[in-house]
Amino acid sequence: MTELEKNWFEEKEARIPHNEVRTRFAPSPTGYMHIGNLRTALYTYLIARHAGGKFILRIEDTDQKRLVSDAIAVIKRTMDSCGLDYDEGPDVGGPVAPYVQTERRDYYKKYAELLIEKGHAYRCFCSEERLASLHETDANAKYDRHCLSLSPEEIQQKLDAGEPYVIRQLIPDGSTTFSDQVYGEITVDNKEIEDQILLKSDGLPTYNFANVIDDHLMGITHVVRGSEYLSSSPKYNLLYEAFGWDIPEYVHCAPVMYNDPATGEVRKMSKRCGDPSYEDLLNQGYLSEAVVNYVALLGWSPTGDIAEQEIFSKKELIDAFDISAISKSPSAFDTEKLNHFNSIYMKALPAEEFCALAEPFVHSVLPGADVAEIAALVQSRVTVLTEIPDMIRFFRELPEYSTELFCNKKNKLDGVQSKKILEDLEPMLEALPKWDAESIHDTIYAYAEKLAEAEGVKLNKVLGRVMWPLRIAVSGQSVTPGGAIEICTILGRHESIERINIAMGKLA
RNA sequence: GGCCCGUUGGUCAAGCGGUUAAGACACCGGCCUCUCACGCCGGUAACACCAGUUCGAUUCUGGUACGGGUCACCA
């Protein structure tokens, strides 16, 4: 190693921050946030924030075939939207920049070569055809170390001839034990591990290698990732040991399954099966906070005196989050339960805020409507914003309906009685000097009271019998946001009376 | 197939050797109510199986079954 090279390594090492918890979210730039990714990102974030440490965004774009052009912007937007603010990253910089792997390509090459010098890696000139033929004879075959026996002269000769090569990790004999914060200690026989490729023939690192280099150089203390990486963790340890570096804490998270409401099938959540992504959920009318809250509880649960709490603000999540309470077993994303969380968040929204969110949905059906008025009716009954249009469509247009709706056994109603009530009500309403909720209310109650008196029963015994036919007449459906009075108020006198007349006609 | 991991009601899950085995969603009743909803009250429902350790296993150990992951010049 030349003096110059030595200085280069020393400078990189000197930049590594110590004495703080540092975690990183390291997505591939596909521009798409799986629910599993979101959860990993969230846990990674919470670990850092809980410890008062740093949360870092790193872009893993070493796979040239899958590059997406404005991926960083997409990822940044998603992180923003989820409330996952990061301290260091591609656009904000930081002490261990750059934060994009393709901008660090010379790092990996230098460290791979350092590993060769240390005797823990070697160049491999085998063609892809040769490797493929190895697998043809035995599908489970590991690399046969064909190039390990190359003499220095042979290697130099091939290098001079410009032959492409990869750099492979030399896995030692014995066994490797690693420790995971979620799964505990796991030991594997090194015979199970292949001399994996560290540096590809295009000069870029493989994921496993880039991760170790970057995590070390960025001072990452907790490596949080999906449990699909559990099997490759021994390789990581071997790499850290080969360099003589400290091994970070591992936090592996079990996958998120999907409970398909259509088929009842439970499978790993995936885009290919059409399972919703974070953005899909937002488009379906879910609130970001509700999704984040729900996802946090998918594989983690609070302990101690808040063990029964389910609604958490981001701040509360940060305070409560504890690695040891992460679950080992996969959990299923359940849309029903998310609905429950979402409706809680909907109800908790300040009226103005809910109005603002509901506006496009209200106006899509009722262009000129008073959003506040409609929103007030809808807020407590909506689980997802996108159901608003169907809920309020009857205001614009009286739906086709059957006179069956006028029959209601709880209120002892049939068509004949309903018709009678509407006939009584119609002239009173039409004659009202002022059309507002109060006047309508008073008129109807006065009528109901008279009825009750005539029958010698309490008011509430007849109230339902009066309200039911009116509500059906003005809405044309059995389930409505709001009661008869509220609906009449919004519809206005003309439309209300007309609908009552239509109903009487139907009942004739 | 080899290796690794997991398994408490339909779902999310608490539990960390002795419990009437929490709680939440969904579901079913009831109350409230100008409908539905909200809210409130109540109910149905679980430790995969078999051995072992132990005075005692949901909890510890081993095996079986089932499920997941991994075995790429993808991450």
# chains A, B, ... in the order shown; residues from 1 in each chain; ligands from 1
$ interface_residues --of "chain B" --to "chain A" --cutoff "9 Å" --atoms "only C-alpha atoms (C1' of nucleotides)" --output "PyMOL selection string"
chain B and resi 1-7+11-14+22-26+34-38+68-71+73-75
$ select_by_dssp --residues "range 32-134 of chain A" --states "helix (DSSP H, G or I)" --output "PDB file with N, CA and C atoms, in the first residue's frame"
ATOM      1  N   ILE A  35     -45.335  -1.348   1.975  1.00  0.00           N
ATOM      2  CA  ILE A  35     -45.697  -1.213   3.378  1.00  0.00           C
ATOM      3  C   ILE A  35     -44.582  -1.787   4.263  1.00  0.00           C
ATOM      4  N   GLY A  36     -43.976  -2.860   3.804  1.00  0.00           N
ATOM      5  CA  GLY A  36     -42.854  -3.443   4.547  1.00  0.00           C
ATOM      6  C   GLY A  36     -41.689  -2.472   4.651  1.00  0.00           C
ATOM      7  N   ASN A  37     -41.396  -1.805   3.546  1.00  0.00           N
ATOM      8  CA  ASN A  37     -40.341  -0.782   3.533  1.00  0.00           C
ATOM      9  C   ASN A  37     -40.667   0.347   4.483  1.00  0.00           C
ATOM     10  N   LEU A  38     -41.914   0.764   4.416  1.00  0.00           N
ATOM     11  CA  LEU A  38     -42.342   1.866   5.263  1.00  0.00           C
ATOM     12  C   LEU A  38     -42.129   1.499   6.725  1.00  0.00           C
ATOM     13  N   ARG A  39     -42.491   0.277   7.068  1.00  0.00           N
ATOM     14  CA  ARG A  39     -42.346  -0.127   8.453  1.00  0.00           C
ATOM     15  C   ARG A  39     -40.871  -0.180   8.851  1.00  0.00           C
ATOM     16  N   THR A  40     -40.043  -0.728   7.974  1.00  0.00           N
ATOM     17  CA  THR A  40     -38.610  -0.770   8.264  1.00  0.00           C
ATOM     18  C   THR A  40     -38.075   0.642   8.438  1.00  0.00           C
ATOM     19  N   ALA A  41     -38.460   1.534   7.540  1.00  0.00           N
ATOM     20  CA  ALA A  41     -38.006   2.918   7.620  1.00  0.00           C
ATOM     21  C   ALA A  41     -38.457   3.532   8.942  1.00  0.00           C
ATOM     22  N   LEU A  42     -39.693   3.265   9.299  1.00  0.00           N
ATOM     23  CA  LEU A  42     -40.244   3.835  10.519  1.00  0.00           C
ATOM     24  C   LEU A  42     -39.487   3.324  11.755  1.00  0.00           C
ATOM     25  N   TYR A  43     -39.278   2.024  11.830  1.00  0.00           N
ATOM     26  CA  TYR A  43     -38.554   1.465  12.976  1.00  0.00           C
ATOM     27  C   TYR A  43     -37.135   2.024  13.047  1.00  0.00           C
ATOM     28  N   THR A  44     -36.517   2.130  11.875  1.00  0.00           N
ATOM     29  CA  THR A  44     -35.163   2.656  11.814  1.00  0.00           C
ATOM     30  C   THR A  44     -35.129   4.082  12.358  1.00  0.00           C
ATOM     31  N   TYR A  45     -36.112   4.835  11.930  1.00  0.00           N
ATOM     32  CA  TYR A  45     -36.253   6.221  12.367  1.00  0.00           C
ATOM     33  C   TYR A  45     -36.483   6.291  13.875  1.00  0.00           C
ATOM     34  N   LEU A  46     -37.404   5.461  14.356  1.00  0.00           N
ATOM     35  CA  LEU A  46     -37.773   5.505  15.770  1.00  0.00           C
ATOM     36  C   LEU A  46     -36.600   5.113  16.674  1.00  0.00           C
ATOM     37  N   ILE A  47     -35.812   4.157  16.217  1.00  0.00           N
ATOM     38  CA  ILE A  47     -34.653   3.747  17.018  1.00  0.00           C
ATOM     39  C   ILE A  47     -33.702   4.929  17.190  1.00  0.00           C
ATOM     40  N   ALA A  48     -33.450   5.619  16.083  1.00  0.00           N
ATOM     41  CA  ALA A  48     -32.538   6.768  16.148  1.00  0.00           C
ATOM     42  C   ALA A  48     -33.112   7.875  17.022  1.00  0.00           C
ATOM     43  N   ARG A  49     -34.354   8.223  16.778  1.00  0.00           N
ATOM     44  CA  ARG A  49     -34.949   9.341  17.512  1.00  0.00           C
ATOM     45  C   ARG A  49     -35.111   9.011  18.992  1.00  0.00           C
ATOM     46  N   HIS A  50     -35.473   7.768  19.273  1.00  0.00           N
ATOM     47  CA  HIS A  50     -35.647   7.370  20.671  1.00  0.00           C
ATOM     48  C   HIS A  50     -34.343   7.558  21.438  1.00  0.00           C
ATOM     49  N   GLN A  64     -27.538  -1.110 -11.881  1.00  0.00           N
ATOM     50  CA  GLN A  64     -27.693  -0.197 -13.016  1.00  0.00           C
ATOM     51  C   GLN A  64     -28.938  -0.495 -13.843  1.00  0.00           C
ATOM     52  N   LYS A  65     -29.377  -1.736 -13.791  1.00  0.00           N
ATOM     53  CA  LYS A  65     -30.508  -2.116 -14.651  1.00  0.00           C
ATOM     54  C   LYS A  65     -31.831  -1.563 -14.152  1.00  0.00           C
ATOM     55  N   ARG A  66     -31.887  -1.229 -12.875  1.00  0.00           N
ATOM     56  CA  ARG A  66     -33.185  -0.846 -12.314  1.00  0.00           C
ATOM     57  C   ARG A  66     -33.281   0.637 -11.951  1.00  0.00           C
ATOM     58  N   ALA A  71     -35.660   9.246  -8.858  1.00  0.00           N
ATOM     59  CA  ALA A  71     -35.957   8.422  -7.686  1.00  0.00           C
ATOM     60  C   ALA A  71     -35.721   9.147  -6.364  1.00  0.00           C
ATOM     61  N   ILE A  72     -34.673   9.921  -6.307  1.00  0.00           N
ATOM     62  CA  ILE A  72     -34.364  10.577  -5.033  1.00  0.00           C
ATOM     63  C   ILE A  72     -35.492  11.517  -4.638  1.00  0.00           C
ATOM     64  N   ALA A  73     -36.015  12.234  -5.615  1.00  0.00           N
ATOM     65  CA  ALA A  73     -37.123  13.151  -5.337  1.00  0.00           C
ATOM     66  C   ALA A  73     -38.340  12.380  -4.837  1.00  0.00           C
ATOM     67  N   VAL A  74     -38.609  11.256  -5.460  1.00  0.00           N
ATOM     68  CA  VAL A  74     -39.763  10.449  -5.061  1.00  0.00           C
ATOM     69  C   VAL A  74     -39.592   9.954  -3.623  1.00  0.00           C
ATOM     70  N   ILE A  75     -38.411   9.446  -3.341  1.00  0.00           N
ATOM     71  CA  ILE A  75     -38.151   8.934  -1.994  1.00  0.00           C
ATOM     72  C   ILE A  75     -38.254  10.049  -0.965  1.00  0.00           C
ATOM     73  N   LYS A  76     -37.686  11.179  -1.316  1.00  0.00           N
ATOM     74  CA  LYS A  76     -37.728  12.317  -0.397  1.00  0.00           C
ATOM     75  C   LYS A  76     -39.171  12.732  -0.123  1.00  0.00           C
ATOM     76  N   ARG A  77     -39.974  12.756  -1.162  1.00  0.00           N
ATOM     77  CA  ARG A  77     -41.375  13.137  -1.007  1.00  0.00           C
ATOM     78  C   ARG A  77     -42.098  12.153  -0.089  1.00  0.00           C
ATOM     79  N   THR A  78     -41.822  10.878  -0.298  1.00  0.00           N
ATOM     80  CA  THR A  78     -42.469   9.865   0.525  1.00  0.00           C
ATOM     81  C   THR A  78     -42.055   9.995   1.990  1.00  0.00           C
ATOM     82  N   MET A  79     -40.766  10.196   2.204  1.00  0.00           N
ATOM     83  CA  MET A  79     -40.266  10.346   3.575  1.00  0.00           C
ATOM     84  C   MET A  79     -40.930  11.547   4.250  1.00  0.00           C
ATOM     85  N   ASP A  80     -41.013  12.631   3.511  1.00  0.00           N
ATOM     86  CA  ASP A  80     -41.671  13.841   4.012  1.00  0.00           C
ATOM     87  C   ASP A  80     -43.095  13.544   4.426  1.00  0.00           C
ATOM     88  N   SER A  81     -43.779  12.896   3.517  1.00  0.00           N
ATOM     89  CA  SER A  81     -45.190  12.615   3.713  1.00  0.00           C
ATOM     90  C   SER A  81     -45.422  11.720   4.929  1.00  0.00           C
ATOM     91  N   CYS A  82     -44.476  10.833   5.203  1.00  0.00           N
ATOM     92  CA  CYS A  82     -44.600   9.949   6.366  1.00  0.00           C
ATOM     93  C   CYS A  82     -44.101  10.612   7.637  1.00  0.00           C
ATOM     94  N   GLN A 101     -24.783   5.623  -3.449  1.00  0.00           N
ATOM     95  CA  GLN A 101     -23.721   4.628  -3.623  1.00  0.00           C
ATOM     96  C   GLN A 101     -22.947   4.762  -4.932  1.00  0.00           C
ATOM     97  N   THR A 102     -23.613   5.139  -6.009  1.00  0.00           N
ATOM     98  CA  THR A 102     -22.850   5.263  -7.254  1.00  0.00           C
ATOM     99  C   THR A 102     -21.814   6.388  -7.181  1.00  0.00           C
ATOM    100  N   GLU A 103     -22.013   7.305  -6.233  1.00  0.00           N
ATOM    101  CA  GLU A 103     -21.013   8.363  -6.074  1.00  0.00           C
ATOM    102  C   GLU A 103     -19.856   7.915  -5.172  1.00  0.00           C
ATOM    103  N   ARG A 104     -19.931   6.683  -4.708  1.00  0.00           N
ATOM    104  CA  ARG A 104     -18.887   6.191  -3.829  1.00  0.00           C
ATOM    105  C   ARG A 104     -18.173   5.002  -4.449  1.00  0.00           C
ATOM    106  N   ARG A 105     -18.295   4.862  -5.745  1.00  0.00           N
ATOM    107  CA  ARG A 105     -17.818   3.624  -6.344  1.00  0.00           C
ATOM    108  C   ARG A 105     -16.334   3.366  -6.107  1.00  0.00           C
ATOM    109  N   ASP A 106     -15.529   4.421  -6.053  1.00  0.00           N
ATOM    110  CA  ASP A 106     -14.104   4.177  -5.830  1.00  0.00           C
ATOM    111  C   ASP A 106     -13.826   3.653  -4.416  1.00  0.00           C
ATOM    112  N   TYR A 107     -14.721   3.983  -3.478  1.00  0.00           N
ATOM    113  CA  TYR A 107     -14.551   3.482  -2.108  1.00  0.00           C
ATOM    114  C   TYR A 107     -14.537   1.950  -2.109  1.00  0.00           C
ATOM    115  N   TYR A 108     -15.555   1.417  -2.773  1.00  0.00           N
ATOM    116  CA  TYR A 108     -15.739  -0.032  -2.702  1.00  0.00           C
ATOM    117  C   TYR A 108     -14.567  -0.764  -3.335  1.00  0.00           C
ATOM    118  N   LYS A 109     -14.114  -0.207  -4.442  1.00  0.00           N
ATOM    119  CA  LYS A 109     -12.997  -0.844  -5.132  1.00  0.00           C
ATOM    120  C   LYS A 109     -11.763  -0.836  -4.237  1.00  0.00           C
ATOM    121  N   LYS A 110     -11.509   0.312  -3.609  1.00  0.00           N
ATOM    122  CA  LYS A 110     -10.325   0.411  -2.754  1.00  0.00           C
ATOM    123  C   LYS A 110     -10.405  -0.554  -1.580  1.00  0.00           C
ATOM    124  N   TYR A 111     -11.609  -0.632  -0.993  1.00  0.00           N
ATOM    125  CA  TYR A 111     -11.739  -1.533   0.161  1.00  0.00           C
ATOM    126  C   TYR A 111     -11.691  -2.995  -0.260  1.00  0.00           C
ATOM    127  N   ALA A 112     -12.186  -3.288  -1.449  1.00  0.00           N
ATOM    128  CA  ALA A 112     -12.124  -4.666  -1.940  1.00  0.00           C
ATOM    129  C   ALA A 112     -10.659  -5.061  -2.153  1.00  0.00           C
ATOM    130  N   GLU A 113      -9.902  -4.120  -2.684  1.00  0.00           N
ATOM    131  CA  GLU A 113      -8.490  -4.416  -2.922  1.00  0.00           C
ATOM    132  C   GLU A 113      -7.712  -4.523  -1.613  1.00  0.00           C
ATOM    133  N   LEU A 114      -8.142  -3.709  -0.654  1.00  0.00           N
ATOM    134  CA  LEU A 114      -7.525  -3.802   0.670  1.00  0.00           C
ATOM    135  C   LEU A 114      -7.733  -5.202   1.245  1.00  0.00           C
ATOM    136  N   LEU A 115      -8.919  -5.715   0.984  1.00  0.00           N
ATOM    137  CA  LEU A 115      -9.247  -7.042   1.510  1.00  0.00           C
ATOM    138  C   LEU A 115      -8.393  -8.124   0.827  1.00  0.00           C
ATOM    139  N   ILE A 116      -8.110  -7.912  -0.469  1.00  0.00           N
ATOM    140  CA  ILE A 116      -7.218  -8.855  -1.155  1.00  0.00           C
ATOM    141  C   ILE A 116      -5.846  -8.841  -0.483  1.00  0.00           C
ATOM    142  N   GLU A 117      -5.382  -7.626  -0.210  1.00  0.00           N
ATOM    143  CA  GLU A 117      -4.074  -7.494   0.447  1.00  0.00           C
ATOM    144  C   GLU A 117      -4.039  -8.218   1.770  1.00  0.00           C
ATOM    145  N   GLU A 128     -19.248 -16.040 -16.875  1.00  0.00           N
ATOM    146  CA  GLU A 128     -20.596 -16.368 -16.404  1.00  0.00           C
ATOM    147  C   GLU A 128     -21.022 -17.740 -16.916  1.00  0.00           C
ATOM    148  N   GLU A 129     -20.504 -18.103 -18.097  1.00  0.00           N
ATOM    149  CA  GLU A 129     -20.844 -19.419 -18.657  1.00  0.00           C
ATOM    150  C   GLU A 129     -20.299 -20.532 -17.762  1.00  0.00           C
ATOM    151  N   ARG A 130     -19.069 -20.319 -17.321  1.00  0.00           N
ATOM    152  CA  ARG A 130     -18.467 -21.354 -16.480  1.00  0.00           C
ATOM    153  C   ARG A 130     -19.269 -21.494 -15.178  1.00  0.00           C
ATOM    154  N   LEU A 131     -19.671 -20.379 -14.622  1.00  0.00           N
ATOM    155  CA  LEU A 131     -20.438 -20.430 -13.377  1.00  0.00           C
ATOM    156  C   LEU A 131     -21.782 -21.112 -13.606  1.00  0.00           C
ATOM    157  N   ALA A 132     -22.356 -20.808 -14.761  1.00  0.00           N
ATOM    158  CA  ALA A 132     -23.652 -21.414 -15.070  1.00  0.00           C
ATOM    159  C   ALA A 132     -23.506 -22.925 -15.208  1.00  0.00           C
ATOM    160  N   SER A 133     -22.414 -23.354 -15.819  1.00  0.00           N
ATOM    161  CA  SER A 133     -22.226 -24.795 -16.020  1.00  0.00           C
ATOM    162  C   SER A 133     -22.017 -25.489 -14.673  1.00  0.00           C
ATOM    163  N   LEU A 134     -21.435 -24.775 -13.747  1.00  0.00           N
ATOM    164  CA  LEU A 134     -21.270 -25.304 -12.387  1.00  0.00           C
ATOM    165  C   LEU A 134     -22.631 -25.629 -11.782  1.00  0.00           C
TER     166      LEU A 134
END
$ residues_around --residues "Ala351 in chain A" --least-positions-apart "2" --cutoff "9 Å" --atoms "only C-alpha atoms (C1' of nucleotides)" --output "CSV table (one decimal) with C-alpha atoms, in the first residue's frame"
chain,number,residue,atom,x,y,z
A,347,LYS,CA,-63.0,11.9,13.8
A,348,ALA,CA,-60.1,13.5,15.7
A,349,LEU,CA,-59.4,15.9,12.9
A,353,GLU,CA,-59.0,20.4,8.6
A,354,PHE,CA,-61.5,17.7,7.7
A,355,CYS,CA,-63.3,20.2,5.5
A,356,ALA,CA,-60.2,20.9,3.6
A,372,ALA,CA,-68.7,22.7,5.9
A,375,ALA,CA,-68.6,17.7,6.1
A,376,ALA,CA,-70.2,18.1,9.5
A,379,GLN,CA,-67.0,13.4,9.5
$ select_by_dssp --residues "range 90-170 of chain A" --states "strand (DSSP E or B)" --output "ChimeraX atom specification"
/A:93,100,121-124,166-169
$ closest_residue --among "A:Arg15, A:Arg24, A:His34, A:Lys409" --to "Lys271 in chain A" --atoms "only C-alpha atoms"
A:His34
$ residues_around --residues "U61 in chain B" --least-positions-apart "2" --cutoff "12 Å" --atoms "only C-alpha atoms (C1' of nucleotides)" --output "list in words"
A51, G52, U53, U54 and G63 of chain B
$ atom_distance --atom1 "CA of Thr30 in chain A" --atom2 "CA of Leu57 in chain A"
14.7 Å
$ residues_around --residues "range 362-371 of chain A" --least-positions-apart "6" --cutoff "12 Å" --atoms "only C-alpha atoms (C1' of nucleotides)" --output "list in words"
Ala351, Glu352, Glu353, Phe354, Cys355, Ala356, Leu377, Val378, Gln379, Leu385, Thr386, Glu387, Ile388, Pro389, Asp390, Met391, Ile392, Arg393, Phe394, Phe395, Arg396, Glu397, Thr489, Ile490, Leu491 and Gly492 of chain A
$ closest_residue --among "A:Asp214, A:Asp424, A:Glu249, A:Glu88" --to "Lys450 in chain A" --atoms "only C-alpha atoms"
A:Asp424
$ atom_distance --atom1 "CA of Glu153 in chain A" --atom2 "CA of Leu170 in chain A"
19.8 Å
$ residues_around --residues "G30 in chain B" --least-positions-apart "2" --cutoff "12 Å" --atoms "only C-alpha atoms (C1' of nucleotides)" --output "PyMOL selection string"
chain B and resi 28+32+40-43
